[in-house]
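Novice: mmCIF, C-alpha atoms and all ligand atoms, saved as entry_16.cif, coming up:
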```cif
data_work
loop_
_atom_site.label_atom_id
_atom_site.label_comp_id
_atom_site.auth_asym_id
_atom_site.auth_seq_id
_atom_site.Cartn_x
_atom_site.Cartn_y
_atom_site.Cartn_z
CA MET A 1 -26.75 -17.06 12.88
CA PRO A 2 -24.25 -14.52 11.58
CA ALA A 3 -26.02 -11.90 9.51
CA ARG A 4 -25.23 -11.85 5.79
CA TRP A 5 -23.85 -8.57 4.49
CA ASP A 6 -23.86 -7.41 0.86
CA ILE A 7 -21.83 -4.41 -0.25
CA PHE A 8 -22.66 -2.90 -3.65
CA CYS A 9 -20.07 -0.81 -5.43
CA ARG A 10 -19.82 0.76 -8.87
CA VAL A 11 -16.47 2.00 -10.03
CA VAL A 12 -17.09 5.60 -11.09
CA ASP A 13 -13.43 6.17 -11.91
CA ASN A 14 -9.98 5.53 -10.48
CA PHE A 15 -9.46 3.27 -7.48
CA GLY A 16 -11.21 4.85 -4.51
CA ASP A 17 -14.68 3.36 -4.89
CA ALA A 18 -13.31 -0.18 -5.06
CA GLY A 19 -10.55 0.66 -2.57
CA VAL A 20 -12.89 1.88 0.17
CA CYS A 21 -15.32 -1.03 -0.27
CA TRP A 22 -12.51 -3.59 -0.31
CA ARG A 23 -11.01 -2.15 2.86
CA LEU A 24 -14.39 -2.22 4.60
CA ALA A 25 -15.19 -5.75 3.39
CA ARG A 26 -11.85 -7.14 4.52
CA GLN A 27 -12.17 -5.53 7.91
CA LEU A 28 -15.66 -6.97 8.39
CA ALA A 29 -14.23 -10.39 7.55
CA ARG A 30 -11.07 -10.13 9.64
CA GLU A 31 -12.32 -8.37 12.73
CA HIS A 32 -16.04 -9.05 12.91
CA ALA A 33 -16.34 -12.61 11.57
CA ILE A 34 -18.66 -11.33 8.86
CA GLY A 35 -17.89 -12.84 5.47
CA PRO A 36 -19.47 -10.14 3.32
CA THR A 37 -20.20 -10.30 -0.37
CA LEU A 38 -18.76 -7.44 -2.38
CA TRP A 39 -20.69 -6.81 -5.58
CA LEU A 40 -18.47 -4.92 -7.97
CA ASP A 41 -19.15 -3.93 -11.55
CA ASP A 42 -15.46 -3.79 -12.46
CA PRO A 43 -13.31 -6.29 -10.54
CA ALA A 44 -10.37 -5.46 -12.85
CA VAL A 45 -9.92 -2.16 -11.00
CA LEU A 46 -9.84 -3.94 -7.65
CA SER A 47 -7.32 -6.48 -8.95
CA ARG A 48 -4.77 -3.64 -9.43
CA ILE A 49 -4.69 -3.06 -5.67
CA ALA A 50 -5.69 -6.58 -4.56
CA PRO A 51 -3.56 -9.00 -6.55
CA GLY A 52 -5.48 -12.02 -5.17
CA VAL A 53 -8.55 -10.88 -7.10
CA ASP A 54 -9.00 -12.42 -10.54
CA PRO A 55 -10.34 -9.67 -12.82
CA ARG A 56 -12.31 -12.20 -14.91
CA ALA A 57 -13.89 -14.41 -12.26
CA PRO A 58 -17.64 -13.87 -11.80
CA LEU A 59 -17.45 -15.24 -8.26
CA GLN A 60 -14.43 -15.71 -6.01
CA ARG A 61 -13.48 -15.74 -2.37
CA VAL A 62 -10.46 -13.66 -1.36
CA ASP A 63 -9.35 -12.76 2.18
CA GLY A 64 -12.67 -13.91 3.63
CA VAL A 65 -14.65 -11.74 1.18
CA THR A 66 -16.85 -13.14 -1.57
CA VAL A 67 -16.29 -10.95 -4.62
CA ARG A 68 -19.03 -11.11 -7.24
CA ARG A 69 -19.26 -9.34 -10.54
CA TRP A 70 -22.26 -7.01 -10.52
CA THR A 71 -24.01 -7.69 -13.80
CA ASP A 72 -27.14 -6.10 -15.10
CA PRO A 73 -29.55 -7.81 -14.59
CA LEU A 74 -28.35 -9.73 -11.59
CA ALA A 75 -28.88 -13.51 -11.54
CA PRO A 76 -31.58 -14.49 -8.95
CA TYR A 77 -30.14 -13.91 -5.50
CA GLU A 78 -31.50 -13.81 -1.96
CA PRO A 79 -30.76 -10.36 -0.46
CA ALA A 80 -28.66 -10.24 2.69
CA GLU A 81 -29.76 -8.95 6.09
CA VAL A 82 -27.46 -5.94 5.90
CA VAL A 83 -26.99 -4.12 2.62
CA ILE A 84 -24.44 -1.38 2.02
CA GLU A 85 -24.99 0.85 -1.00
CA ALA A 86 -21.67 2.55 -1.51
CA PHE A 87 -21.46 6.14 -2.71
CA GLY A 88 -25.09 6.29 -3.86
CA CYS A 89 -24.55 3.60 -6.50
CA GLY A 90 -28.14 2.32 -6.19
CA LEU A 91 -29.09 -1.35 -5.93
CA PRO A 92 -30.02 -3.69 -8.78
CA GLU A 93 -33.73 -3.29 -9.50
CA ASP A 94 -34.67 -6.95 -8.89
CA TYR A 95 -32.67 -6.98 -5.67
CA ALA A 96 -34.43 -3.84 -4.40
CA ARG A 97 -37.83 -5.31 -5.30
CA ALA A 98 -36.97 -8.54 -3.47
CA ILE A 99 -36.17 -6.42 -0.42
CA ALA A 100 -39.46 -4.55 -0.74
CA ALA A 101 -41.36 -7.86 -0.78
CA ARG A 102 -39.85 -9.07 2.49
CA PRO A 103 -41.86 -8.90 5.72
CA VAL A 104 -38.75 -7.73 7.56
CA PRO A 105 -36.59 -5.65 5.24
CA PRO A 106 -32.79 -5.71 5.64
CA ARG A 107 -30.85 -2.81 7.12
CA TRP A 108 -30.04 -0.74 4.06
CA ILE A 109 -27.16 1.67 4.57
CA VAL A 110 -26.22 4.37 2.10
CA LEU A 111 -22.49 4.83 2.66
CA GLU A 112 -21.56 8.36 1.60
CA TYR A 113 -18.43 10.28 0.69
CA LEU A 114 -16.09 11.63 3.35
CA SER A 115 -16.25 15.30 4.22
CA ALA A 116 -15.41 17.51 7.19
CA GLU A 117 -18.23 19.95 6.39
CA ALA A 118 -20.49 20.80 9.34
CA TRP A 119 -23.69 19.48 7.73
CA VAL A 120 -22.26 15.95 7.78
CA GLU A 121 -22.73 15.72 11.56
CA ARG A 122 -26.36 16.76 11.15
CA THR A 123 -27.03 14.31 8.32
CA HIS A 124 -25.18 11.21 9.46
CA GLY A 125 -27.60 8.49 10.55
CA LEU A 126 -30.72 10.19 9.16
CA PRO A 127 -33.32 8.09 7.35
CA SER A 128 -33.25 8.24 3.57
CA PRO A 129 -36.28 6.27 2.40
CA HIS A 130 -36.04 4.84 -1.09
CA PRO A 131 -37.78 7.39 -3.35
CA ARG A 132 -39.85 4.84 -5.32
CA LEU A 133 -40.10 1.74 -3.19
CA GLY A 134 -40.41 3.54 0.13
CA ILE A 135 -38.04 1.10 1.86
CA ALA A 136 -36.15 2.44 4.87
CA ARG A 137 -32.55 3.35 4.20
CA GLN A 138 -30.10 5.13 6.46
CA PHE A 139 -27.30 7.55 5.63
CA TRP A 140 -23.84 6.67 6.89
CA PHE A 141 -21.39 9.54 6.59
CA PRO A 142 -17.72 8.92 7.33
CA GLY A 143 -16.15 11.81 9.19
CA PHE A 144 -13.76 13.18 11.74
CA SER A 145 -15.89 13.43 14.88
CA GLU A 146 -18.00 11.29 17.16
CA ALA A 147 -21.16 12.66 15.56
CA THR A 148 -20.23 11.02 12.23
CA GLY A 149 -19.72 7.48 11.00
CA GLY A 150 -15.96 7.66 11.63
CA LEU A 151 -13.08 6.52 9.44
CA LEU A 152 -11.94 3.11 8.28
CA ARG A 153 -9.22 2.01 10.68
CA GLU A 154 -8.12 -1.56 11.15
CA ARG A 155 -7.59 -2.84 14.68
CA GLY A 156 -4.03 -2.16 15.87
CA LEU A 157 -3.21 0.01 12.85
CA LEU A 158 -1.20 2.66 14.69
CA ALA A 159 0.70 0.02 16.67
CA ALA A 160 1.52 -1.80 13.41
CA ARG A 161 2.72 1.48 11.92
CA ASP A 162 4.95 2.21 14.91
CA ALA A 163 6.35 -1.34 14.95
CA PHE A 164 7.18 -1.00 11.25
CA ARG A 165 8.99 2.26 11.87
CA ASP A 166 11.02 0.67 14.65
CA ASP A 167 12.01 -2.26 12.44
CA SER A 168 14.87 -1.10 10.23
CA ALA A 169 15.01 -4.39 8.29
CA ALA A 170 11.32 -4.13 7.38
CA GLY A 171 11.84 -0.49 6.44
CA ALA A 172 14.80 -1.34 4.20
CA ALA A 173 12.92 -4.20 2.51
CA ILE A 174 10.25 -2.03 0.96
CA TRP A 175 12.54 -0.38 -1.62
CA PRO A 176 13.75 -3.50 -3.45
CA ALA A 177 10.17 -4.77 -3.37
CA LEU A 178 9.27 -1.63 -5.35
CA GLY A 179 12.15 -2.24 -7.74
CA MET A 180 14.28 0.67 -6.54
CA ASP A 181 17.41 1.28 -4.50
CA PRO A 182 16.88 2.70 -1.01
CA PRO A 183 16.77 6.50 -1.18
CA PRO A 184 19.91 8.22 0.16
CA ALA A 185 19.41 8.84 3.88
CA GLU A 186 19.77 12.61 3.47
CA ASN A 187 17.07 12.85 0.78
CA LEU A 188 13.53 13.92 1.45
CA ARG A 189 11.24 11.02 0.48
CA ILE A 190 8.09 12.12 -1.24
CA LEU A 191 5.24 9.93 -2.42
CA LEU A 192 3.35 11.51 -5.32
CA PHE A 193 -0.16 10.11 -5.78
CA CYS A 194 -2.25 12.82 -7.43
CA TYR A 195 -4.62 13.72 -10.26
CA PRO A 196 -3.35 15.40 -13.41
CA ASN A 197 -2.09 18.74 -12.17
CA PRO A 198 -0.87 21.58 -14.40
CA ALA A 199 1.22 22.91 -11.53
CA LEU A 200 3.29 19.74 -11.22
CA PRO A 201 6.15 20.75 -13.59
CA GLU A 202 6.93 23.89 -11.58
CA LEU A 203 7.09 21.81 -8.42
CA LEU A 204 9.40 19.27 -10.06
CA ASP A 205 11.60 22.16 -11.19
CA ALA A 206 11.66 23.51 -7.64
CA TRP A 207 12.73 20.11 -6.30
CA ALA A 208 15.36 19.67 -9.03
CA ASP A 209 16.80 23.14 -8.35
CA GLY A 210 16.38 22.96 -4.58
CA GLU A 211 19.11 22.89 -1.97
CA SER A 212 18.37 19.42 -0.62
CA GLY A 213 17.95 16.08 -2.33
CA VAL A 214 14.48 14.74 -3.08
CA THR A 215 13.50 11.17 -3.90
CA CYS A 216 10.05 11.26 -5.41
CA ILE A 217 8.13 8.01 -5.79
CA VAL A 218 5.34 7.94 -8.37
CA PRO A 219 3.00 4.96 -8.81
CA ASP A 220 2.75 3.77 -12.42
CA GLY A 221 0.65 5.98 -14.66
CA VAL A 222 0.08 8.73 -12.09
CA ALA A 223 0.51 12.25 -13.50
CA ALA A 224 1.69 10.54 -16.69
CA GLY A 225 1.02 13.45 -19.09
CA ALA A 226 2.77 16.10 -16.99
CA LEU A 227 5.67 13.77 -16.24
CA ASP A 228 6.12 12.91 -19.93
CA ARG A 229 6.26 16.56 -20.84
CA TRP A 230 8.59 17.44 -18.00
CA ALA A 231 10.85 14.47 -18.66
CA GLY A 232 11.03 15.26 -22.39
CA GLY A 233 11.26 11.70 -23.63
CA ASN A 234 13.35 10.53 -20.68
CA VAL A 235 10.36 9.24 -18.71
CA PRO A 236 11.23 7.32 -15.55
CA HIS A 237 10.24 3.68 -15.69
CA ARG A 238 10.59 0.68 -13.42
CA GLY A 239 14.21 0.46 -12.24
CA HIS A 240 15.25 3.53 -14.28
CA PRO A 241 14.78 6.72 -12.28
CA LEU A 242 14.98 10.11 -13.88
CA VAL A 243 17.60 12.21 -12.14
CA ARG A 244 17.60 15.95 -12.70
CA GLY A 245 19.51 18.28 -10.40
CA ARG A 246 18.70 17.31 -6.80
CA LEU A 247 15.62 15.31 -7.79
CA ALA A 248 15.40 11.57 -8.44
CA LEU A 249 12.02 10.48 -9.79
CA HIS A 250 11.14 6.81 -9.42
CA SER A 251 8.25 5.06 -11.10
CA VAL A 252 6.95 2.17 -9.00
CA PRO A 253 4.24 -0.45 -9.51
CA PHE A 254 0.89 -0.26 -7.79
CA VAL A 255 1.02 -2.38 -4.65
CA GLU A 256 -1.68 -3.95 -2.50
CA GLN A 257 -3.27 -1.77 0.18
CA ASP A 258 -1.17 -3.00 3.13
CA ALA A 259 2.04 -2.39 1.18
CA PHE A 260 0.72 1.03 0.17
CA ASP A 261 0.37 1.83 3.88
CA ARG A 262 3.98 0.83 4.46
CA LEU A 263 5.05 3.12 1.64
CA LEU A 264 3.14 6.01 3.25
CA TRP A 265 4.78 5.16 6.58
CA SER A 266 8.21 5.27 4.88
CA CYS A 267 7.93 8.68 3.24
CA ASP A 268 8.52 12.12 4.74
CA VAL A 269 5.78 13.86 2.76
CA ASN A 270 2.80 12.08 1.22
CA PHE A 271 0.91 13.59 -1.68
CA VAL A 272 -2.43 11.78 -1.70
CA ARG A 273 -5.80 12.23 -3.35
CA GLY A 274 -9.47 11.25 -3.41
CA GLU A 275 -10.67 9.62 -0.23
CA ASP A 276 -8.94 6.43 0.85
CA SER A 277 -5.29 7.42 0.34
CA PHE A 278 -6.17 10.75 1.98
CA VAL A 279 -7.31 8.89 5.11
CA ARG A 280 -4.33 6.54 5.06
CA ALA A 281 -1.97 9.53 4.96
CA GLN A 282 -3.60 10.75 8.17
CA TRP A 283 -2.95 7.41 9.84
CA ALA A 284 0.65 7.63 8.57
CA ALA A 285 0.91 10.90 10.54
CA ARG A 286 3.52 12.54 8.35
CA PRO A 287 3.04 15.90 6.62
CA PHE A 288 0.77 15.32 3.67
CA VAL A 289 -0.78 17.16 0.77
CA TRP A 290 -4.31 16.42 -0.40
CA HIS A 291 -5.26 16.62 -4.04
CA ILE A 292 -9.00 16.74 -3.62
CA TYR A 293 -11.29 15.13 -6.21
CA PRO A 294 -12.32 18.04 -8.44
CA GLN A 295 -16.03 18.85 -8.60
CA ALA A 296 -18.11 21.17 -10.77
CA GLU A 297 -18.13 24.85 -9.87
CA ARG A 298 -15.24 24.38 -7.47
CA ALA A 299 -17.53 22.78 -4.91
CA HIS A 300 -14.48 20.85 -3.74
CA TRP A 301 -12.81 24.00 -2.42
CA VAL A 302 -15.46 24.27 0.29
CA LYS A 303 -14.70 20.70 1.27
CA LEU A 304 -10.98 21.41 1.27
CA GLU A 305 -11.41 24.47 3.50
CA ALA A 306 -13.65 22.52 5.89
CA PHE A 307 -10.99 19.87 6.31
CA LEU A 308 -8.20 22.42 6.77
CA ASP A 309 -10.27 24.24 9.42
CA THR A 310 -10.82 20.97 11.27
CA GLN A 311 -7.40 19.41 10.96
CA LEU A 312 -5.29 22.51 11.55
CA GLU A 313 -6.93 23.41 14.84
CA GLY A 314 -4.19 23.92 17.39
CA VAL A 315 -1.28 24.09 14.92
CA GLU A 316 1.22 26.97 15.24
CA ALA A 317 0.02 29.85 13.04
CA ALA A 318 2.99 29.88 10.65
CA ALA A 319 2.85 26.13 10.00
CA ALA A 320 -0.93 26.27 9.50
CA ARG A 321 -0.49 29.12 7.03
CA ALA A 322 2.17 27.18 5.16
CA GLN A 323 -0.08 24.13 4.83
CA ARG A 324 -3.08 26.20 3.73
CA ARG A 325 -1.07 28.05 1.14
CA PHE A 326 0.63 24.99 -0.31
CA TRP A 327 -2.56 22.88 -0.38
CA GLY A 328 -4.47 25.75 -1.98
CA ALA A 329 -1.83 26.25 -4.69
CA TRP A 330 -1.67 22.48 -5.31
CA ASN A 331 -5.43 22.46 -5.79
CA GLY A 332 -5.37 25.31 -8.28
CA ASP A 333 -6.42 28.21 -6.06
CA SER A 334 -4.63 31.16 -7.66
CA ARG A 335 -5.13 33.24 -4.50
CA CYS A 336 -2.42 31.08 -2.92
CA GLY A 337 0.25 32.22 -5.39
CA PRO A 338 2.65 30.03 -7.33
CA LEU A 339 3.10 26.49 -6.10
CA ALA A 340 6.88 26.51 -6.27
CA GLY A 341 6.90 29.65 -4.10
CA ALA A 342 4.76 27.92 -1.47
CA TRP A 343 6.98 24.83 -1.26
CA PRO A 344 9.92 26.11 0.85
CA GLU A 345 7.57 27.39 3.53
CA PHE A 346 5.64 24.09 3.60
CA ALA A 347 8.85 22.04 3.67
CA GLY A 348 10.15 24.27 6.47
CA ALA A 349 7.03 23.64 8.53
CA ARG A 350 7.49 19.86 8.40
CA PRO A 351 8.61 19.41 12.03
CA GLN A 352 5.53 21.23 13.36
CA LEU A 353 3.21 19.50 10.90
CA ALA A 354 4.67 16.09 11.73
CA ARG A 355 4.18 16.68 15.46
CA HIS A 356 0.64 17.78 14.83
CA GLY A 357 0.04 14.82 12.50
CA GLU A 358 0.87 12.41 15.34
CA ALA A 359 -1.55 14.15 17.69
CA TRP A 360 -4.24 14.31 14.99
CA ALA A 361 -3.93 10.57 14.26
CA ARG A 362 -4.17 9.77 17.98
CA GLN A 363 -7.23 12.00 18.32
CA LEU A 364 -8.95 10.26 15.38
CA ALA A 365 -7.94 6.82 16.64
CA ALA A 366 -9.78 7.51 19.90
CA LEU A 367 -13.08 7.55 17.95
CA PRO A 368 -14.95 4.40 16.95
CA ASP A 369 -13.85 3.16 13.53
CA LEU A 370 -16.31 3.05 10.65
CA ALA A 371 -16.60 -0.74 10.36
CA SER A 372 -17.17 -1.23 14.11
CA GLY A 373 -19.74 1.57 14.06
CA LEU A 374 -21.62 -0.14 11.26
CA VAL A 375 -21.52 -3.48 13.03
CA SER A 376 -22.85 -1.93 16.26
CA ALA A 377 -25.62 -0.21 14.34
CA CYS A 378 -26.61 -3.15 12.14
CA GLY A 379 -25.66 -6.10 14.31
CA SER A 380 -23.39 -8.95 13.38
CA LEU A 381 -25.99 -11.56 14.34
CA VAL A 382 -29.63 -12.07 13.42
O1 LIG A 401 -8.07 6.59 -6.94
P1 LIG A 401 -8.77 7.73 -6.29
O2 LIG A 401 -8.70 9.01 -6.97
O3 LIG A 401 -10.23 7.30 -6.05
C1 LIG A 401 -11.43 7.98 -5.91
C2 LIG A 401 -12.20 7.98 -7.17
O4 LIG A 401 -11.83 9.05 -7.99
C3 LIG A 401 -13.64 8.04 -6.82
O5 LIG A 401 -14.48 8.15 -7.93
C4 LIG A 401 -13.90 9.12 -5.83
O6 LIG A 401 -15.18 8.90 -5.41
C5 LIG A 401 -13.00 9.03 -4.64
O7 LIG A 401 -11.64 9.00 -5.07
C6 LIG A 401 -13.19 10.15 -3.69
O8 LIG A 401 -8.16 7.95 -4.80
P2 LIG A 401 -8.30 7.16 -3.42
O9 LIG A 401 -9.66 7.38 -2.84
O10 LIG A 401 -7.17 7.55 -2.62
O11 LIG A 401 -8.19 5.63 -3.81
C7 LIG A 401 -6.99 5.03 -4.16
C8 LIG A 401 -6.99 3.61 -3.66
O12 LIG A 401 -5.91 2.90 -4.25
C9 LIG A 401 -6.82 3.49 -2.17
O13 LIG A 401 -7.60 2.43 -1.66
C10 LIG A 401 -5.34 3.16 -2.00
C11 LIG A 401 -5.14 2.31 -3.22
N1 LIG A 401 -3.76 2.13 -3.69
C12 LIG A 401 -3.12 0.95 -3.42
O14 LIG A 401 -3.69 0.07 -2.75
N2 LIG A 401 -1.88 0.75 -3.91
C13 LIG A 401 -1.21 1.69 -4.64
O15 LIG A 401 -0.06 1.45 -5.06
C14 LIG A 401 -1.88 2.93 -4.87
C15 LIG A 401 -1.15 4.02 -5.63
C16 LIG A 401 -3.15 3.13 -4.39
#
```
Could you render the structure as structure tokens?
Ligand code: TRH
Specialist:
Amino acid sequence: MPARWDIFCRVVDNFGDAGVCWRLARQLAREHAIGPTLWLDDPAVLSRIAPGVDPRAPLQRVDGVTVRRWTDPLAPYEPAEVVIEAFGCGLPEDYARAIAARPVPPRWIVLEYLSAEAWVERTHGLPSPHPRLGIARQFWFPGFSEATGGLLRERGLLAARDAFRDDSAAGAAIWPALGMDPPPAENLRILLFCYPNPALPELLDAWADGESGVTCIVPDGVAAGALDRWAGGNVPHRGHPLVRGRLALHSVPFVEQDAFDRLLWSCDVNFVRGEDSFVRAQWAARPFVWHIYPQAERAHWVKLEAFLDTQLEGVEAAAARAQRRFWGAWNGDSRCGPLAGAWPEFAGARPQLARHGEAWARQLAALPDLASGLVSACGSLV
């Protein structure tokens, strides 16, 4: 009997909560013959990045995943044998009580946020008993080493990436699909997926006034306020780029996750954010810039430093410095100086950073992926 898996997810904000759970659920279905149920409180968010998902349907099956709207209270439902609680979202009260009443409780995994901090290795896999009901739960921390829960990585991902890069027709096809002309070959292609960032206008100015051409691709609605102000009423919209100096800014629609990967694979520099796009940029193995999710009291800077320390190991000193400085300035660390001033150095370090990005992706791909790790730990059969 294949085990039943339930994944519970609340959308806190943006797309990452739904995005991570959707990626995991699809991989369980595709690669492990597990048809999980994804309980989601806001399927409309998922439908932006998974067009097959109907934002209104209470129950639907898409890509081998049963997607159910998480309502409060939940209609009577028999808990699964493996339960994933994503990002500490908790479980519905009746569901948790039903688990507590079972003679053999399900495996209950608390899937946590990704971090490269050292404590993650010590905490991954530890028990985390439910504070009130006393049921056994287990922490699952994604991470960058064997002592963690690993990263989401579909089977054959790097081979698919390389095949795409070798296929010029496939590469050319992505631009019209986004509603834009192919960028001029000599232009630097930059994907800009970030949070609101007060430093953005100075970077756009630097690109516009720079010596080489830049094609910057911005998903709909991203950095909207800063772009509006910078564009001064001439905001780029679908099919109508804003061209200023050497910069062409293109607004493109949100695309489904596999197409988003292909966009990352097609750009020279990827500005990404949060958690899932940050990981996908690492699989893309091109120089990238992380806009980390901001936390109170700048707790996120510690997380940023921990990742830089891990990822930059072995990189030539000047290139590592350039990445640290630019990432710091992009994330509002005034010690790193003005963002525009940090750009030329970062752009100049691209060849070294790209070489290192390839090695880093290979190193990560040698580790077990997160979904396979979960299946080994929880079992696909009961
Ligand atoms: O959207 P994010 O900022 O998401 C989150 C949330 O803020 C969340 O609360 C926080 O916990 C988490 O970050 C750390 O960034 P992220 O994680 O990169 O998620 C974006 C998702 O959207 C990811 O799955 C990729 C997907 N996506 C597409 O599929 N197509 C697109 O066109 C774009 C722009 C994104």
Novice: Once you count only C-alpha atoms and all ligand atoms, what closest atom pair and distance in Å to one decimal does each residue of chain A within 8 Å of ligand LIG 401 (chain A) have, with rows by chain and rising residue number, as CSV?
Specialist:
```
residue,atom,partner,partner_atom,distance
A:Val11,CA,A:LIG401,O5,6.8
A:Val12,CA,A:LIG401,O5,4.8
A:Asp13,CA,A:LIG401,O5,4.6
A:Asn14,CA,A:LIG401,O1,4.2
A:Phe15,CA,A:LIG401,O1,3.6
A:Gly16,CA,A:LIG401,O3,3.1
A:Asp17,CA,A:LIG401,C3,5.2
A:Ala18,CA,A:LIG401,O13,7.1
A:Gly19,CA,A:LIG401,O13,3.6
A:Val20,CA,A:LIG401,O13,5.6
A:Trp22,CA,A:LIG401,O13,7.9
A:Arg23,CA,A:LIG401,O13,7.3
A:Arg48,CA,A:LIG401,N2,7.6
A:Ile49,CA,A:LIG401,O14,4.4
A:Ala50,CA,A:LIG401,O14,7.2
A:Phe87,CA,A:LIG401,O6,7.4
A:Tyr113,CA,A:LIG401,C6,6.8
A:Leu114,CA,A:LIG401,C6,7.8
A:Phe193,CA,A:LIG401,C15,6.2
A:Cys194,CA,A:LIG401,O2,7.5
A:Tyr195,CA,A:LIG401,O2,7.0
A:Pro219,CA,A:LIG401,C15,5.3
A:Asp220,CA,A:LIG401,C15,7.8
A:Pro253,CA,A:LIG401,O15,6.5
A:Phe254,CA,A:LIG401,O15,3.4
A:Val255,CA,A:LIG401,O15,4.0
A:Glu256,CA,A:LIG401,O14,4.5
A:Gln257,CA,A:LIG401,O14,3.5
A:Asp258,CA,A:LIG401,O14,7.1
A:Ala259,CA,A:LIG401,N2,7.2
A:Phe260,CA,A:LIG401,N2,4.8
A:Asp261,CA,A:LIG401,O14,8.0
A:Val272,CA,A:LIG401,O10,6.4
A:Arg273,CA,A:LIG401,O10,4.9
A:Gly274,CA,A:LIG401,O7,3.5
A:Glu275,CA,A:LIG401,O9,3.6
A:Asp276,CA,A:LIG401,O9,3.9
A:Ser277,CA,A:LIG401,O10,3.5
A:Phe278,CA,A:LIG401,O10,5.7
A:Val279,CA,A:LIG401,O10,7.8
A:Arg280,CA,A:LIG401,C10,7.9
A:Ile292,CA,A:LIG401,C6,7.8
A:Tyr293,CA,A:LIG401,C6,5.9
```
Novice: Could those residues be written to a file, using C-alpha atoms, as a compact mmCIF listing (two decimals), in the frame of the given file?
Specialist:
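Listing of out_16.txt after writing:
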```txt
# COMPACT_ATOMS: atom_id res chain seq x y z
CA VAL A 11 -16.47 2.00 -10.03
CA VAL A 12 -17.09 5.60 -11.09
CA ASP A 13 -13.43 6.17 -11.91
CA ASN A 14 -9.98 5.53 -10.48
CA PHE A 15 -9.46 3.27 -7.48
CA GLY A 16 -11.21 4.85 -4.51
CA ASP A 17 -14.68 3.36 -4.89
CA ALA A 18 -13.31 -0.18 -5.06
CA GLY A 19 -10.55 0.66 -2.57
CA VAL A 20 -12.89 1.88 0.17
CA TRP A 22 -12.51 -3.59 -0.31
CA ARG A 23 -11.01 -2.15 2.86
CA ARG A 48 -4.77 -3.64 -9.43
CA ILE A 49 -4.69 -3.06 -5.67
CA ALA A 50 -5.69 -6.58 -4.56
CA PHE A 87 -21.46 6.14 -2.71
CA TYR A 113 -18.43 10.28 0.69
CA LEU A 114 -16.09 11.63 3.35
CA PHE A 193 -0.16 10.11 -5.78
CA CYS A 194 -2.25 12.82 -7.43
CA TYR A 195 -4.62 13.72 -10.26
CA PRO A 219 3.00 4.96 -8.81
CA ASP A 220 2.75 3.77 -12.42
CA PRO A 253 4.24 -0.45 -9.51
CA PHE A 254 0.89 -0.26 -7.79
CA VAL A 255 1.02 -2.38 -4.65
CA GLU A 256 -1.68 -3.95 -2.50
CA GLN A 257 -3.27 -1.77 0.18
CA ASP A 258 -1.17 -3.00 3.13
CA ALA A 259 2.04 -2.39 1.18
CA PHE A 260 0.72 1.03 0.17
CA ASP A 261 0.37 1.83 3.88
CA VAL A 272 -2.43 11.78 -1.70
CA ARG A 273 -5.80 12.23 -3.35
CA GLY A 274 -9.47 11.25 -3.41
CA GLU A 275 -10.67 9.62 -0.23
CA ASP A 276 -8.94 6.43 0.85
CA SER A 277 -5.29 7.42 0.34
CA PHE A 278 -6.17 10.75 1.98
CA VAL A 279 -7.31 8.89 5.11
CA ARG A 280 -4.33 6.54 5.06
CA ILE A 292 -9.00 16.74 -3.62
CA TYR A 293 -11.29 15.13 -6.21
```
Novice: Might you pull out every residue within 7 Å of segment 57-64 of chain A, with only C-alpha atoms counted and same-chain residues fewer than 6 positions away left off, and present them as a PyMOL selection string?
Specialist: chain A and resi 26+29+35
Novice: Let me see the file: selected residues, C-alpha atoms, as a PDB file, keeping the file's coordinate frame.
Specialist:
```pdb
ATOM      1  CA  ARG A  26     -11.850  -7.140   4.520  1.00  0.00           C
ATOM      2  CA  ALA A  29     -14.230 -10.390   7.550  1.00  0.00           C
ATOM      3  CA  GLY A  35     -17.890 -12.840   5.470  1.00  0.00           C
TER       4      GLY A  35
END
```
Novice: Which residue out of A:Gly328, A:Pro129, A:Pro43, A:Gly221 has the minimum interatomic distance to Thr66 of chain A when all atoms listed in the file are used?
Specialist: A:Pro43
Novice: Just give me the gap between atom CA of Arg350 of chain A and atom CA of Ser251 of chain A in Å, one decimal is fine.
Specialist: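 It comes out at 24.5 Å.
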Novice: So how far away is atom CA of Asp333 of chain A from atom CA of Ala299 of chain A, in Å?
Specialist: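 Spanning atom CA of Ala299 of chain A to atom CA of Asp333 of chain A is a straight-line distance of 12.4 Å.
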Novice: Dump as JSON, numbers by chain all residues having an atom at most 12 Å from (5.1, 21.4, 11.2), computed in the file's coordinates with only C-alpha atoms.
Specialist: {"A": [268, 269, 285, 286, 287, 288, 312, 314, 315, 316, 317, 318, 319, 320, 321, 322, 323, 345, 346, 347, 348, 349, 350, 351, 352, 353, 354, 355, 356, 357, 358, 359]}
Novice: Between atom CA of Leu308 of chain A and atom CA of Leu247 of chain A, what is the spacing in Å?
Specialist: 28.8 Å
Novice: Using all atoms listed in the file, which protein or nucleic acid residues come within 8 Å of segment 202-211 of chain A? Drop anything in the same chain fewer than 3 positions from it, and give the result as a PDB file with C-alpha atoms, in the coordinates of the input.
Specialist:
```pdb
ATOM      1  CA  ALA A 199       1.220  22.910 -11.530  1.00  0.00           C
ATOM      2  CA  VAL A 214      14.480  14.740  -3.080  1.00  0.00           C
ATOM      3  CA  ARG A 244      17.600  15.950 -12.700  1.00  0.00           C
ATOM      4  CA  GLY A 245      19.510  18.280 -10.400  1.00  0.00           C
ATOM      5  CA  ARG A 246      18.700  17.310  -6.800  1.00  0.00           C
ATOM      6  CA  LEU A 247      15.620  15.310  -7.790  1.00  0.00           C
ATOM      7  CA  LEU A 339       3.100  26.490  -6.100  1.00  0.00           C
ATOM      8  CA  ALA A 340       6.880  26.510  -6.270  1.00  0.00           C
ATOM      9  CA  TRP A 343       6.980  24.830  -1.260  1.00  0.00           C
TER      10      TRP A 343
END
```
